[in-house]
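> For reference, the file data21.txt (compact mmCIF, C-alpha atoms and all ligand atoms) is included below:
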# COMPACT_ATOMS: atom_id res chain seq x y z
CA MET A 1224 14.60 -18.40 5.41
CA ALA A 1225 11.78 -20.46 3.95
CA VAL A 1226 9.22 -20.11 6.75
CA ALA A 1227 5.70 -19.08 5.84
CA ALA A 1228 6.48 -19.53 2.15
CA PRO A 1229 4.09 -17.36 0.19
CA TYR A 1230 1.04 -19.14 -1.19
CA ALA A 1231 0.08 -17.97 -4.61
CA GLU A 1232 -0.38 -19.73 -7.87
CA LYS A 1233 2.61 -19.11 -10.07
CA THR A 1234 3.46 -20.18 -13.58
CA ASP A 1235 6.83 -21.93 -14.05
CA GLU A 1236 8.27 -18.68 -15.36
CA GLN A 1237 6.97 -16.69 -12.38
CA GLN A 1238 8.31 -19.36 -10.04
CA ALA A 1239 11.77 -19.18 -11.62
CA ILE A 1240 11.92 -15.37 -11.62
CA THR A 1241 10.66 -14.87 -8.06
CA GLU A 1242 13.04 -17.56 -6.84
CA MET A 1243 15.92 -15.78 -8.57
CA VAL A 1244 14.91 -12.44 -7.00
CA ARG A 1245 14.50 -14.06 -3.57
CA GLN A 1246 18.01 -15.49 -3.77
CA PHE A 1247 19.36 -12.13 -4.87
CA VAL A 1248 17.57 -10.41 -1.96
CA ASP A 1249 18.72 -12.98 0.62
CA GLY A 1250 22.28 -12.91 -0.66
CA GLU A 1251 22.85 -9.30 -1.66
CA VAL A 1252 20.19 -7.01 -0.17
CA ILE A 1253 19.32 -8.15 3.36
CA PRO A 1254 23.00 -8.40 4.42
CA ILE A 1255 23.72 -4.76 3.47
CA ALA A 1256 20.35 -3.10 4.16
CA GLU A 1257 21.05 -2.19 7.82
CA GLU A 1258 24.38 -0.55 7.05
CA TYR A 1259 23.12 1.42 4.06
CA ASP A 1260 19.98 2.49 5.88
CA HIS A 1261 21.82 3.65 8.98
CA GLU A 1262 24.41 5.52 6.96
CA ASP A 1263 21.90 6.92 4.46
CA LYS A 1264 23.91 5.57 1.54
CA PHE A 1265 22.60 4.95 -1.96
CA PRO A 1266 23.03 1.21 -2.71
CA GLU A 1267 24.97 1.64 -5.94
CA GLY A 1268 26.29 -1.95 -5.99
CA VAL A 1269 22.84 -3.45 -5.55
CA VAL A 1270 21.43 -1.21 -8.30
CA GLU A 1271 24.18 -2.38 -10.68
CA GLN A 1272 23.22 -5.99 -9.97
CA MET A 1273 19.55 -5.17 -10.48
CA LYS A 1274 20.45 -3.79 -13.91
CA GLU A 1275 22.23 -7.04 -14.76
CA LEU A 1276 19.19 -9.03 -13.65
CA GLY A 1277 16.98 -6.91 -15.95
CA LEU A 1278 14.84 -5.64 -13.08
CA PHE A 1279 14.45 -2.16 -14.58
CA GLY A 1280 12.75 -3.56 -17.67
CA VAL A 1281 10.38 -6.16 -16.25
CA MET A 1282 7.27 -4.86 -18.05
CA ILE A 1283 9.00 -3.07 -20.93
CA PRO A 1284 8.33 -5.00 -24.20
CA GLU A 1285 11.11 -7.22 -25.55
CA GLU A 1286 11.36 -5.12 -28.73
CA TYR A 1287 12.70 -2.30 -26.53
CA GLY A 1288 15.07 -4.59 -24.64
CA GLY A 1289 12.84 -5.39 -21.64
CA MET A 1290 11.44 -8.71 -20.40
CA GLY A 1291 7.88 -7.97 -21.56
CA LEU A 1292 6.29 -9.54 -18.47
CA ASP A 1293 2.87 -8.78 -17.00
CA LEU A 1294 1.80 -6.76 -13.96
CA THR A 1295 1.19 -9.90 -11.90
CA THR A 1296 4.78 -11.07 -12.33
CA TYR A 1297 5.99 -7.56 -11.66
CA ALA A 1298 3.98 -7.46 -8.39
CA MET A 1299 5.55 -10.78 -7.35
CA ILE A 1300 9.02 -9.36 -8.00
CA VAL A 1301 8.24 -6.18 -6.04
CA GLU A 1302 7.06 -8.25 -3.08
CA GLU A 1303 10.39 -10.07 -3.04
CA LEU A 1304 12.42 -6.85 -3.33
CA SER A 1305 10.40 -5.19 -0.56
CA ARG A 1306 10.87 -8.20 1.67
CA GLY A 1307 14.56 -7.29 1.58
CA TRP A 1308 14.41 -3.51 1.80
CA ILE A 1309 11.61 -1.22 0.64
CA SER A 1310 14.08 1.44 -0.47
CA ILE A 1311 15.21 -1.00 -3.18
CA SER A 1312 11.67 -1.40 -4.43
CA GLY A 1313 11.37 2.41 -4.25
CA ILE A 1314 14.14 2.73 -6.82
CA VAL A 1315 12.13 0.55 -9.20
CA ASN A 1316 8.71 1.99 -8.32
CA THR A 1317 8.76 5.42 -9.99
CA HIS A 1318 10.82 3.96 -12.85
CA PHE A 1319 8.07 1.43 -13.46
CA ILE A 1320 5.40 4.17 -13.43
CA GLY A 1321 7.44 6.22 -15.92
CA SER A 1322 7.86 3.26 -18.27
CA TYR A 1323 4.14 2.49 -17.99
CA LEU A 1324 3.32 6.08 -18.98
CA LEU A 1325 5.58 5.83 -22.02
CA MET A 1326 4.33 2.39 -23.04
CA LYS A 1327 0.68 3.39 -22.80
CA PHE A 1328 0.68 7.04 -23.87
CA GLY A 1329 4.08 7.85 -25.41
CA THR A 1330 4.53 8.59 -29.12
CA ASP A 1331 6.58 6.10 -31.16
CA ASP A 1332 9.45 8.57 -31.14
CA GLN A 1333 9.30 8.91 -27.33
CA LYS A 1334 9.22 5.13 -26.90
CA ASP A 1335 12.23 4.74 -29.22
CA ARG A 1336 14.18 7.47 -27.47
CA PHE A 1337 13.61 6.43 -23.86
CA LEU A 1338 12.45 2.84 -23.45
CA PRO A 1339 15.62 0.98 -24.55
CA ARG A 1340 17.78 2.91 -22.09
CA MET A 1341 15.14 2.59 -19.38
CA ALA A 1342 14.93 -1.19 -19.91
CA THR A 1343 18.61 -1.57 -19.07
CA GLY A 1344 18.43 0.90 -16.17
CA GLU A 1345 20.92 3.19 -17.90
CA ILE A 1346 18.42 5.96 -17.25
CA ARG A 1347 15.98 5.71 -14.37
CA ALA A 1348 12.68 7.55 -14.11
CA ALA A 1349 11.01 9.68 -11.44
CA PHE A 1350 7.34 10.64 -11.27
CA SER A 1351 6.37 14.06 -10.01
CA LEU A 1352 2.94 15.30 -9.00
CA SER A 1353 3.38 16.60 -5.44
CA GLU A 1354 4.36 20.15 -4.53
CA PRO A 1355 5.21 21.79 -1.22
CA GLY A 1356 1.57 22.88 -0.84
CA LEU A 1357 -0.21 19.72 -1.91
CA GLY A 1358 -0.10 15.99 -2.37
CA SER A 1359 -3.62 14.54 -2.30
CA ASP A 1360 -5.28 17.46 -4.08
CA VAL A 1361 -3.45 17.04 -7.39
CA GLN A 1362 -5.78 19.36 -9.31
CA ALA A 1363 -4.47 22.24 -7.19
CA ILE A 1364 -0.91 22.09 -8.57
CA SER A 1365 0.65 25.45 -9.28
CA THR A 1366 3.60 24.47 -11.54
CA ARG A 1367 2.95 26.21 -14.85
CA ALA A 1368 3.96 25.36 -18.42
CA LYS A 1369 3.65 28.08 -21.07
CA GLN A 1370 4.17 27.47 -24.75
CA ASP A 1371 6.94 29.57 -26.36
CA GLY A 1372 7.62 28.68 -29.98
CA ASP A 1373 8.55 24.99 -30.13
CA ASP A 1374 9.24 24.80 -26.42
CA TRP A 1375 7.23 24.79 -23.24
CA VAL A 1376 8.65 26.94 -20.44
CA ILE A 1377 8.11 25.41 -17.00
CA ASN A 1378 8.14 27.25 -13.69
CA GLY A 1379 7.35 25.80 -10.29
CA THR A 1380 8.57 23.74 -7.37
CA LYS A 1381 7.95 20.03 -7.02
CA MET A 1382 8.30 18.15 -3.74
CA TRP A 1383 9.03 14.59 -2.68
CA VAL A 1384 10.40 13.53 -6.05
CA THR A 1385 11.55 10.02 -5.25
CA ASN A 1386 14.66 9.17 -7.26
CA GLY A 1387 14.72 12.84 -8.36
CA LEU A 1388 18.39 13.28 -7.65
CA LEU A 1389 19.68 10.25 -9.54
CA SER A 1390 17.03 9.85 -12.21
CA GLY A 1391 17.72 10.58 -15.87
CA VAL A 1392 14.15 11.55 -16.63
CA VAL A 1393 11.25 13.01 -14.61
CA PHE A 1394 7.60 12.64 -15.67
CA LEU A 1395 6.23 15.93 -14.46
CA LEU A 1396 2.65 17.19 -14.25
CA ALA A 1397 2.17 20.91 -14.88
CA LYS A 1398 -0.72 23.24 -15.65
CA SER A 1399 -0.59 24.09 -19.35
CA ASP A 1400 -3.94 25.92 -19.28
CA PRO A 1401 -4.48 27.63 -15.92
CA ASP A 1402 -7.99 28.74 -16.93
CA ALA A 1403 -9.29 25.26 -17.76
CA ASP A 1404 -12.52 24.31 -16.05
CA PRO A 1405 -12.45 21.77 -14.51
CA PRO A 1406 -8.72 22.25 -13.77
CA TYR A 1407 -7.69 18.69 -14.62
CA LYS A 1408 -8.47 19.37 -18.30
CA GLY A 1409 -5.66 21.95 -18.42
CA MET A 1410 -2.81 19.69 -17.30
CA THR A 1411 -0.03 18.12 -19.32
CA CYS A 1412 2.65 15.57 -18.52
CA PHE A 1413 6.18 16.60 -19.57
CA ILE A 1414 9.18 14.32 -19.92
CA THR A 1415 11.90 16.45 -18.31
CA ILE A 1416 15.55 15.96 -17.55
CA PRO A 1417 16.01 16.83 -13.85
CA PRO A 1418 16.94 20.50 -13.47
CA LYS A 1419 19.48 21.86 -11.01
CA ILE A 1420 18.59 20.65 -7.55
CA LYS A 1421 18.25 23.31 -4.90
CA LYS A 1422 17.64 21.11 -1.86
CA MET A 1423 17.69 17.44 -1.20
CA GLY A 1424 17.02 14.85 1.44
CA TYR A 1425 17.95 11.17 1.21
CA LYS A 1426 17.77 7.88 2.98
CA GLY A 1427 19.02 5.05 0.82
CA VAL A 1428 16.63 6.15 -1.88
CA GLU A 1429 16.30 9.91 -2.09
CA SER A 1430 13.18 12.08 -2.28
CA THR A 1431 14.06 15.56 -3.43
CA GLU A 1432 12.60 18.94 -4.06
CA LEU A 1433 12.99 19.98 -7.70
CA VAL A 1434 12.88 23.63 -8.70
CA TYR A 1435 12.00 24.46 -12.30
CA GLU A 1436 12.96 28.03 -13.22
CA ASP A 1437 12.26 28.94 -16.84
CA TYR A 1438 13.07 25.32 -17.68
CA ARG A 1439 12.63 24.79 -21.44
CA CYS A 1440 11.00 21.52 -22.44
CA PRO A 1441 10.84 20.81 -26.19
CA ALA A 1442 7.36 20.04 -27.55
CA GLN A 1443 8.61 16.57 -28.57
CA ASN A 1444 8.83 15.81 -24.83
CA VAL A 1445 5.15 16.41 -24.14
CA LEU A 1446 3.97 12.92 -23.22
CA GLY A 1447 1.74 11.72 -26.05
CA GLY A 1448 2.79 14.57 -28.37
CA SER A 1449 0.20 17.21 -29.32
CA GLU A 1450 -2.58 14.83 -28.26
CA GLY A 1451 -1.12 14.76 -24.78
CA VAL A 1452 -1.66 18.50 -24.17
CA GLY A 1453 -4.46 18.73 -21.60
CA ASN A 1454 -4.46 14.99 -20.97
CA GLY A 1455 -1.69 14.82 -18.37
CA PHE A 1456 -3.97 14.44 -15.37
CA ARG A 1457 -5.77 11.50 -16.98
CA TYR A 1458 -2.45 9.83 -17.88
CA MET A 1459 -1.01 10.27 -14.40
CA MET A 1460 -4.15 8.94 -12.69
CA ASP A 1461 -4.11 5.90 -14.97
CA ALA A 1462 -0.49 5.25 -14.01
CA LEU A 1463 -1.34 5.63 -10.33
CA GLU A 1464 -3.75 2.72 -10.65
CA VAL A 1465 -0.91 0.34 -11.52
CA GLY A 1466 1.25 2.22 -9.02
CA ARG A 1467 -1.23 1.16 -6.35
CA VAL A 1468 -0.74 -2.50 -7.15
CA ASN A 1469 2.96 -1.82 -6.87
CA VAL A 1470 2.64 -0.22 -3.41
CA ALA A 1471 0.34 -3.03 -2.30
CA ALA A 1472 3.05 -5.53 -3.27
CA ARG A 1473 5.52 -3.53 -1.20
CA GLY A 1474 3.17 -3.79 1.79
CA VAL A 1475 2.96 -7.56 1.34
CA GLY A 1476 6.76 -7.84 1.07
CA ILE A 1477 7.52 -5.89 4.22
CA ALA A 1478 4.79 -7.73 6.16
CA GLN A 1479 6.07 -11.09 4.93
CA ARG A 1480 9.55 -10.27 6.20
CA ALA A 1481 8.19 -9.07 9.57
CA LEU A 1482 6.27 -12.34 9.92
CA GLU A 1483 9.41 -14.37 9.17
CA LEU A 1484 11.38 -12.41 11.78
CA ALA A 1485 8.61 -12.83 14.36
CA LEU A 1486 8.30 -16.58 13.71
CA ARG A 1487 12.02 -17.01 14.22
CA TYR A 1488 12.43 -14.75 17.24
CA SER A 1489 9.36 -16.10 19.06
CA GLN A 1490 10.77 -19.63 18.91
CA GLU A 1491 14.19 -18.54 20.16
CA ARG A 1492 13.25 -16.14 22.97
CA ARG A 1493 12.19 -17.79 26.21
CA THR A 1494 10.15 -16.34 29.09
CA PHE A 1495 8.58 -18.11 32.06
CA GLY A 1496 10.31 -21.35 31.14
CA LYS A 1497 9.27 -21.69 27.50
CA PRO A 1498 9.70 -20.10 24.09
CA ILE A 1499 7.39 -17.08 23.82
CA ALA A 1500 5.81 -18.75 20.75
CA GLN A 1501 4.30 -21.21 23.21
CA HIS A 1502 2.34 -18.44 24.97
CA GLN A 1503 -1.12 -18.27 23.48
CA ALA A 1504 -1.10 -14.47 23.29
CA ILE A 1505 1.94 -14.61 20.99
CA GLN A 1506 0.51 -17.45 18.90
CA PHE A 1507 -2.66 -15.43 18.36
CA LYS A 1508 -0.57 -12.52 17.15
CA LEU A 1509 1.30 -14.80 14.75
CA ALA A 1510 -1.99 -16.24 13.52
CA ASP A 1511 -3.41 -12.79 12.80
CA MET A 1512 -0.20 -11.67 11.14
CA ALA A 1513 -0.04 -14.65 8.78
CA THR A 1514 -3.73 -14.29 7.91
CA LYS A 1515 -3.28 -10.62 7.07
CA VAL A 1516 -0.22 -11.28 4.91
CA ASP A 1517 -2.01 -13.93 2.87
CA ALA A 1518 -5.16 -11.82 2.50
CA ALA A 1519 -3.13 -8.81 1.33
CA ARG A 1520 -1.21 -10.94 -1.15
CA LEU A 1521 -4.41 -12.36 -2.63
CA LEU A 1522 -5.97 -8.89 -2.97
CA THR A 1523 -2.82 -7.64 -4.66
CA LEU A 1524 -2.60 -10.52 -7.11
CA ARG A 1525 -6.31 -10.21 -7.90
CA ALA A 1526 -5.90 -6.53 -8.82
CA ALA A 1527 -2.83 -7.30 -10.95
CA ARG A 1528 -4.49 -10.25 -12.71
CA LEU A 1529 -7.60 -8.22 -13.55
CA LYS A 1530 -5.44 -5.49 -15.06
CA ASP A 1531 -3.44 -8.06 -17.05
CA ALA A 1532 -6.71 -9.52 -18.34
CA GLY A 1533 -7.72 -6.07 -19.58
CA GLN A 1534 -10.56 -5.80 -17.06
CA ARG A 1535 -11.41 -2.91 -14.76
CA SER A 1536 -9.27 -2.95 -11.66
CA ASP A 1537 -9.60 0.56 -10.22
CA LEU A 1538 -11.66 -0.53 -7.23
CA GLU A 1539 -9.57 -3.65 -6.68
CA ALA A 1540 -6.26 -1.77 -6.93
CA GLY A 1541 -7.53 0.74 -4.36
CA MET A 1542 -8.60 -2.06 -2.01
CA ALA A 1543 -5.28 -3.85 -2.39
CA LYS A 1544 -3.30 -0.68 -1.72
CA LEU A 1545 -5.43 0.30 1.28
CA PHE A 1546 -5.39 -3.14 2.89
CA ALA A 1547 -1.79 -4.13 2.15
CA SER A 1548 -0.31 -0.84 3.34
CA GLU A 1549 -2.40 -0.86 6.52
CA ILE A 1550 -1.60 -4.48 7.36
CA GLY A 1551 2.04 -3.82 6.44
CA LYS A 1552 2.18 -1.34 9.30
CA GLU A 1553 0.17 -3.61 11.67
CA VAL A 1554 2.15 -6.78 11.01
CA VAL A 1555 5.44 -4.93 11.38
CA GLU A 1556 4.23 -3.43 14.66
CA ASP A 1557 3.22 -6.86 15.98
CA ALA A 1558 6.63 -8.28 15.02
CA PHE A 1559 8.20 -5.29 16.76
CA ARG A 1560 6.20 -6.01 19.94
CA ILE A 1561 7.18 -9.69 19.80
CA HIS A 1562 10.83 -8.61 19.83
CA GLY A 1563 10.30 -6.83 23.16
CA GLY A 1564 13.05 -4.32 23.97
CA TYR A 1565 15.28 -5.68 21.21
CA GLY A 1566 12.77 -4.47 18.64
CA TYR A 1567 13.90 -0.99 19.56
CA SER A 1568 17.56 -1.78 18.99
CA LYS A 1569 19.30 -0.93 15.73
CA GLU A 1570 20.97 -4.35 15.99
CA TYR A 1571 17.69 -5.95 14.92
CA GLU A 1572 16.21 -5.80 11.43
CA ILE A 1573 12.70 -5.20 12.74
CA GLU A 1574 13.75 -1.72 13.86
CA ARG A 1575 14.31 -0.71 10.21
CA LEU A 1576 11.04 -2.28 9.10
CA TYR A 1577 9.24 -0.35 11.84
CA ARG A 1578 10.56 2.93 10.44
CA ASP A 1579 9.91 1.96 6.81
CA ALA A 1580 6.36 0.59 6.98
CA PRO A 1581 4.43 3.88 7.53
CA LEU A 1582 5.69 5.31 4.23
CA LEU A 1583 3.38 2.95 2.37
CA LEU A 1584 0.36 4.55 4.06
CA ILE A 1585 1.19 7.83 2.29
CA GLY A 1586 2.69 7.22 -1.19
CA GLU A 1587 0.39 6.73 -4.22
CA GLY A 1588 -2.51 8.17 -2.22
CA THR A 1589 -3.09 8.05 1.53
CA SER A 1590 -5.51 5.59 3.13
CA GLU A 1591 -8.14 8.34 3.31
CA ILE A 1592 -7.74 8.96 -0.42
CA GLN A 1593 -7.96 5.19 -1.13
CA ARG A 1594 -11.21 5.03 0.83
CA MET A 1595 -12.56 7.94 -1.20
CA VAL A 1596 -11.61 6.16 -4.44
CA ILE A 1597 -13.06 2.84 -3.27
CA GLY A 1598 -16.29 4.48 -2.06
CA LYS A 1599 -16.75 6.38 -5.33
CA LYS A 1600 -16.08 3.33 -7.49
CA LEU A 1601 -18.38 1.16 -5.37
CA LEU A 1602 -21.24 3.59 -5.83
CA GLU A 1603 -20.52 3.82 -9.58
CA ARG A 1604 -20.71 0.05 -9.89
CA HIS A 1605 -23.81 -0.30 -7.72
CA ARG A 1606 -25.86 2.67 -8.80
CA VAL A 1607 -29.53 2.50 -7.74
C1 LIG A 1701 9.04 9.38 1.17
C2 LIG A 1701 8.02 9.94 0.23
C3 LIG A 1701 8.16 9.78 -1.13
C4 LIG A 1701 7.26 10.37 -2.02
N1 LIG A 1701 7.47 10.25 -3.37
C5 LIG A 1701 6.69 10.95 -4.24
C6 LIG A 1701 6.98 10.94 -5.64
O1 LIG A 1701 7.90 10.27 -6.11
N2 LIG A 1701 6.23 11.73 -6.46
C7 LIG A 1701 5.19 12.48 -5.99
O2 LIG A 1701 4.54 13.15 -6.79
N3 LIG A 1701 4.88 12.49 -4.67
C8 LIG A 1701 5.60 11.75 -3.78
N4 LIG A 1701 5.33 11.76 -2.43
C9 LIG A 1701 4.25 12.62 -1.95
C10 LIG A 1701 3.01 11.82 -1.56
O3 LIG A 1701 2.38 11.34 -2.71
C11 LIG A 1701 2.13 12.75 -0.72
O4 LIG A 1701 2.79 12.99 0.50
C12 LIG A 1701 0.77 12.14 -0.48
O5 LIG A 1701 0.02 12.08 -1.66
C13 LIG A 1701 -0.02 12.93 0.57
O6 LIG A 1701 -0.02 14.29 0.27
P1 LIG A 1701 0.40 15.38 1.39
O7 LIG A 1701 1.62 14.92 2.04
O8 LIG A 1701 0.39 16.70 0.73
O9 LIG A 1701 -0.77 15.31 2.43
P2 LIG A 1701 -2.14 16.12 2.34
O10 LIG A 1701 -2.76 15.96 1.01
O11 LIG A 1701 -1.91 17.49 2.83
O12 LIG A 1701 -3.00 15.33 3.41
C14 LIG A 1701 -2.82 15.46 4.82
C15 LIG A 1701 -3.81 14.54 5.53
O13 LIG A 1701 -5.15 14.90 5.17
C16 LIG A 1701 -5.82 13.78 4.60
N5 LIG A 1701 -6.72 14.25 3.55
C17 LIG A 1701 -6.39 15.02 2.46
N6 LIG A 1701 -7.50 15.27 1.74
C18 LIG A 1701 -8.53 14.63 2.34
C19 LIG A 1701 -9.93 14.49 2.08
N7 LIG A 1701 -10.50 15.03 0.98
N8 LIG A 1701 -10.70 13.79 2.95
C20 LIG A 1701 -10.12 13.21 4.06
N9 LIG A 1701 -8.82 13.30 4.36
C21 LIG A 1701 -8.03 13.99 3.52
C22 LIG A 1701 -4.71 12.89 4.07
O14 LIG A 1701 -5.14 11.54 3.93
C23 LIG A 1701 -3.65 13.07 5.12
O15 LIG A 1701 -3.96 12.26 6.23
C24 LIG A 1701 6.17 11.13 -1.51
C25 LIG A 1701 6.00 11.24 -0.14
C26 LIG A 1701 6.90 10.68 0.73
C27 LIG A 1701 6.70 10.86 2.22
Can you give me the file's structure in the form of structure tokens?

Amino acid sequence: MAVAAPYAEKTDEQQAITEMVRQFVDGEVIPIAEEYDHEDKFPEGVVEQMKELGLFGVMIPEEYGGMGLDLTTYAMIVEELSRGWISISGIVNTHFIGSYLLMKFGTDDQKDRFLPRMATGEIRAAFSLSEPGLGSDVQAISTRAKQDGDDWVINGTKMWVTNGLLSGVVFLLAKSDPDADPPYKGMTCFITIPPKIKKMGYKGVESTELVYEDYRCPAQNVLGGSEGVGNGFRYMMDALEVGRVNVAARGVGIAQRALELALRYSQERRTFGKPIAQHQAIQFKLADMATKVDAARLLTLRAARLKDAGQRSDLEAGMAKLFASEIGKEVVEDAFRIHGGYGYSKEYEIERLYRDAPLLLIGEGTSEIQRMVIGKKLLERHRV
């Protein structure tokens, strides 16, 4: 449905790719999303098609078999995928963060070993910071890695590992020096193959608990090699910055879809002798929704473009993530209200969006954490 077509400047290549993804989403994702969501099924068929379209290697350089595109184009693609079903963009999300970590910090050997198979989607990546006892306070992690000959022995429990069950590789943060002061200087990122899973929970895309018990990780799988020891926290935080652009794009996508549904429903549903879209209260809602969607998209593209241009984008990525995830929830809620009682029915797509939108307020740093990041960066840039 071409209502409220997104405004954003696109190159011819970006136009062609986003159009292709939109057609794929309209034809293959939206028609199956309700069924797979309600039955908690992993969308294997859709993932196979995504592999064929090259969507697991969007930013991976061509020499490793990827498309070698920039963050801006990636954000545009993620918006389109999320417009269809955010679980689909969730399958790409941690994979993208893992490939970014390898591209930016991996040794040549690590790039050669993992990137070609990641570009095709043959192996997919998960990204693991959180533990049962913490999410925001990453420096408090308790998973330990102890060197033993050529291996590192890892013990600990990780929580909420999105794609953990079906991923081929997990980028895992562990404490390699528990006495380091400050603690972040004693953390290392390990490239692990998912260990035996003790518990799991899943809804389309799964988020699992992973238990590492005397798991042996060869030194060649320390991200960045010997230089990477003690630098894991810095690497992961760097990756979260691009991850924030990614989550912002997901917020824009889900909000865009909610707006489309509201525009359609409000012109079809009649009360008091006219379509509800002709009541001013509903029109005002639509006006606010469309304004928020466009503003969130522009913030997201600005953050992505700055990063692509090699400029600082920490503050801008935080703003985009904060705003787009918050308006994602608000716009979806307004569309839900516009649907009246039917918004509550599983027969209507808005019901799924209403359940999905709040996730974006949490992943890649909650809104409170974004505000802390934005506040800190603002003061750094405007020091008196
Ligand atoms: C579906 C799903 C998928 C996820 N996938 C992943 C994944 O793939 N990998 C991964 O590592 N993690 C993942 N997470 C975990 C996610 O990153 C954390 O849930 C998130 O960072 C918040 O951490 P927490 O849940 O421990 O909340 P807490 O950190 O305990 O925070 C609880 C509340 O306190 C607030 N708060 C915390 N500290 C402060 C402060 N200093 N000032 C003010 N307020 C504060 C928070 O904003 C929040 O409102 C996932 C979570 C979910 C729900």
> With stretch 1386-1401 of chain A as the partner and 7 Å as the cut-off, tabulate the residues of stretch 1292-1354 of chain A that qualify, each row holding the nearest pair of atoms and their distance in Å to one decimal, using only C-alpha atoms, sorted by chain and rising number, as CSV.

residue,atom,partner,partner_atom,distance
A:Ile1314,CA,A:Asn1386,CA,6.5
A:Gly1321,CA,A:Phe1394,CA,6.4
A:Ile1346,CA,A:Gly1391,CA,4.9
A:Arg1347,CA,A:Ser1390,CA,4.8
A:Ala1348,CA,A:Val1392,CA,5.0
A:Ala1349,CA,A:Val1393,CA,4.6
A:Phe1350,CA,A:Phe1394,CA,4.8
A:Ser1351,CA,A:Leu1395,CA,4.8
A:Leu1352,CA,A:Leu1396,CA,5.6
> Using only C-alpha atoms and all ligand atoms, find each protein or nucleic acid residue lying at most 10 Å from ligand LIG 1701 (chain A); present the set as a ChimeraX atom specification.
/A:1310,1313-1314,1316-1318,1320,1348-1361,1381-1387,1393-1396,1424-1426,1428-1432,1459,1579,1581-1595
> Expressed in Å to a single decimal, how great is the separation between atom CA of A:Arg1340 and atom CA of A:Ala1471?
27.0 Å
> From the list A:Tyr1577, A:Phe1456, A:Tyr1438, A:Trp1375, which residue is nearest A:Pro1405 when using all atoms listed in the file?
A:Phe1456
> Just to confirm, what's the straight-line distance from atom CA of A:Ile1505 to atom CA of A:Ile1561 in Å (one decimal)?
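These two atoms are separated by 7.3 Å.
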> Which residues are near A:Ile1283? Cut-off 10 Å, all atoms listed in the file, ignore same chain within fewer than 4 positions. Put them as number ranges by chain.
A: 1279, 1287-1293, 1319, 1322-1323, 1325-1326, 1338-1339, 1341-1343
> Quick one: of A:Ile1255, A:Ala1543, A:Ile1300, A:Met1512, who's nearest to A:Gln1479, counting all atoms listed in the file?
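Result for the nearest residue to A:Gln1479: A:Met1512.
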> With N, CA and C atoms as the goal, would you fill in the gaps in stretch 1349-1360 of chain A and present it as a PDB file, in the coordinates of the input?

ATOM      1  N   ALA A1349      11.748   9.196 -12.621  1.00  0.00           N
ATOM      2  CA  ALA A1349      11.010   9.680 -11.440  1.00  0.00           C
ATOM      3  C   ALA A1349       9.645  10.168 -11.919  1.00  0.00           C
ATOM      4  N   PHE A1350       8.742  10.330 -10.963  1.00  0.00           N
ATOM      5  CA  PHE A1350       7.340  10.640 -11.270  1.00  0.00           C
ATOM      6  C   PHE A1350       6.927  11.763 -10.329  1.00  0.00           C
ATOM      7  N   SER A1351       6.506  12.890 -10.874  1.00  0.00           N
ATOM      8  CA  SER A1351       6.370  14.060 -10.010  1.00  0.00           C
ATOM      9  C   SER A1351       5.025  14.767 -10.153  1.00  0.00           C
ATOM     10  N   LEU A1352       4.208  14.576  -9.100  1.00  0.00           N
ATOM     11  CA  LEU A1352       2.940  15.300  -9.000  1.00  0.00           C
ATOM     12  C   LEU A1352       3.009  16.300  -7.856  1.00  0.00           C
ATOM     13  N   SER A1353       3.507  15.842  -6.699  1.00  0.00           N
ATOM     14  CA  SER A1353       3.380  16.600  -5.440  1.00  0.00           C
ATOM     15  C   SER A1353       4.186  17.893  -5.453  1.00  0.00           C
ATOM     16  N   GLU A1354       3.688  18.853  -4.697  1.00  0.00           N
ATOM     17  CA  GLU A1354       4.360  20.150  -4.530  1.00  0.00           C
ATOM     18  C   GLU A1354       4.395  20.471  -3.043  1.00  0.00           C
ATOM     19  N   PRO A1355       5.145  21.497  -2.649  1.00  0.00           N
ATOM     20  CA  PRO A1355       5.210  21.790  -1.220  1.00  0.00           C
ATOM     21  C   PRO A1355       3.818  22.004  -0.604  1.00  0.00           C
ATOM     22  N   GLY A1356       2.885  22.559  -1.393  1.00  0.00           N
ATOM     23  CA  GLY A1356       1.570  22.880  -0.840  1.00  0.00           C
ATOM     24  C   GLY A1356       0.519  21.818  -1.024  1.00  0.00           C
ATOM     25  N   LEU A1357       0.834  20.728  -1.681  1.00  0.00           N
ATOM     26  CA  LEU A1357      -0.210  19.720  -1.910  1.00  0.00           C
ATOM     27  C   LEU A1357       0.363  18.361  -2.297  1.00  0.00           C
ATOM     28  N   GLY A1358      -0.437  17.349  -1.962  1.00  0.00           N
ATOM     29  CA  GLY A1358      -0.100  15.990  -2.370  1.00  0.00           C
ATOM     30  C   GLY A1358      -1.373  15.294  -2.835  1.00  0.00           C
ATOM     31  N   SER A1359      -2.367  15.225  -1.943  1.00  0.00           N
ATOM     32  CA  SER A1359      -3.620  14.540  -2.300  1.00  0.00           C
ATOM     33  C   SER A1359      -4.407  15.319  -3.357  1.00  0.00           C
ATOM     34  N   ASP A1360      -4.422  16.632  -3.218  1.00  0.00           N
ATOM     35  CA  ASP A1360      -5.280  17.460  -4.080  1.00  0.00           C
ATOM     36  C   ASP A1360      -4.519  17.847  -5.351  1.00  0.00           C
TER      37      ASP A1360
END
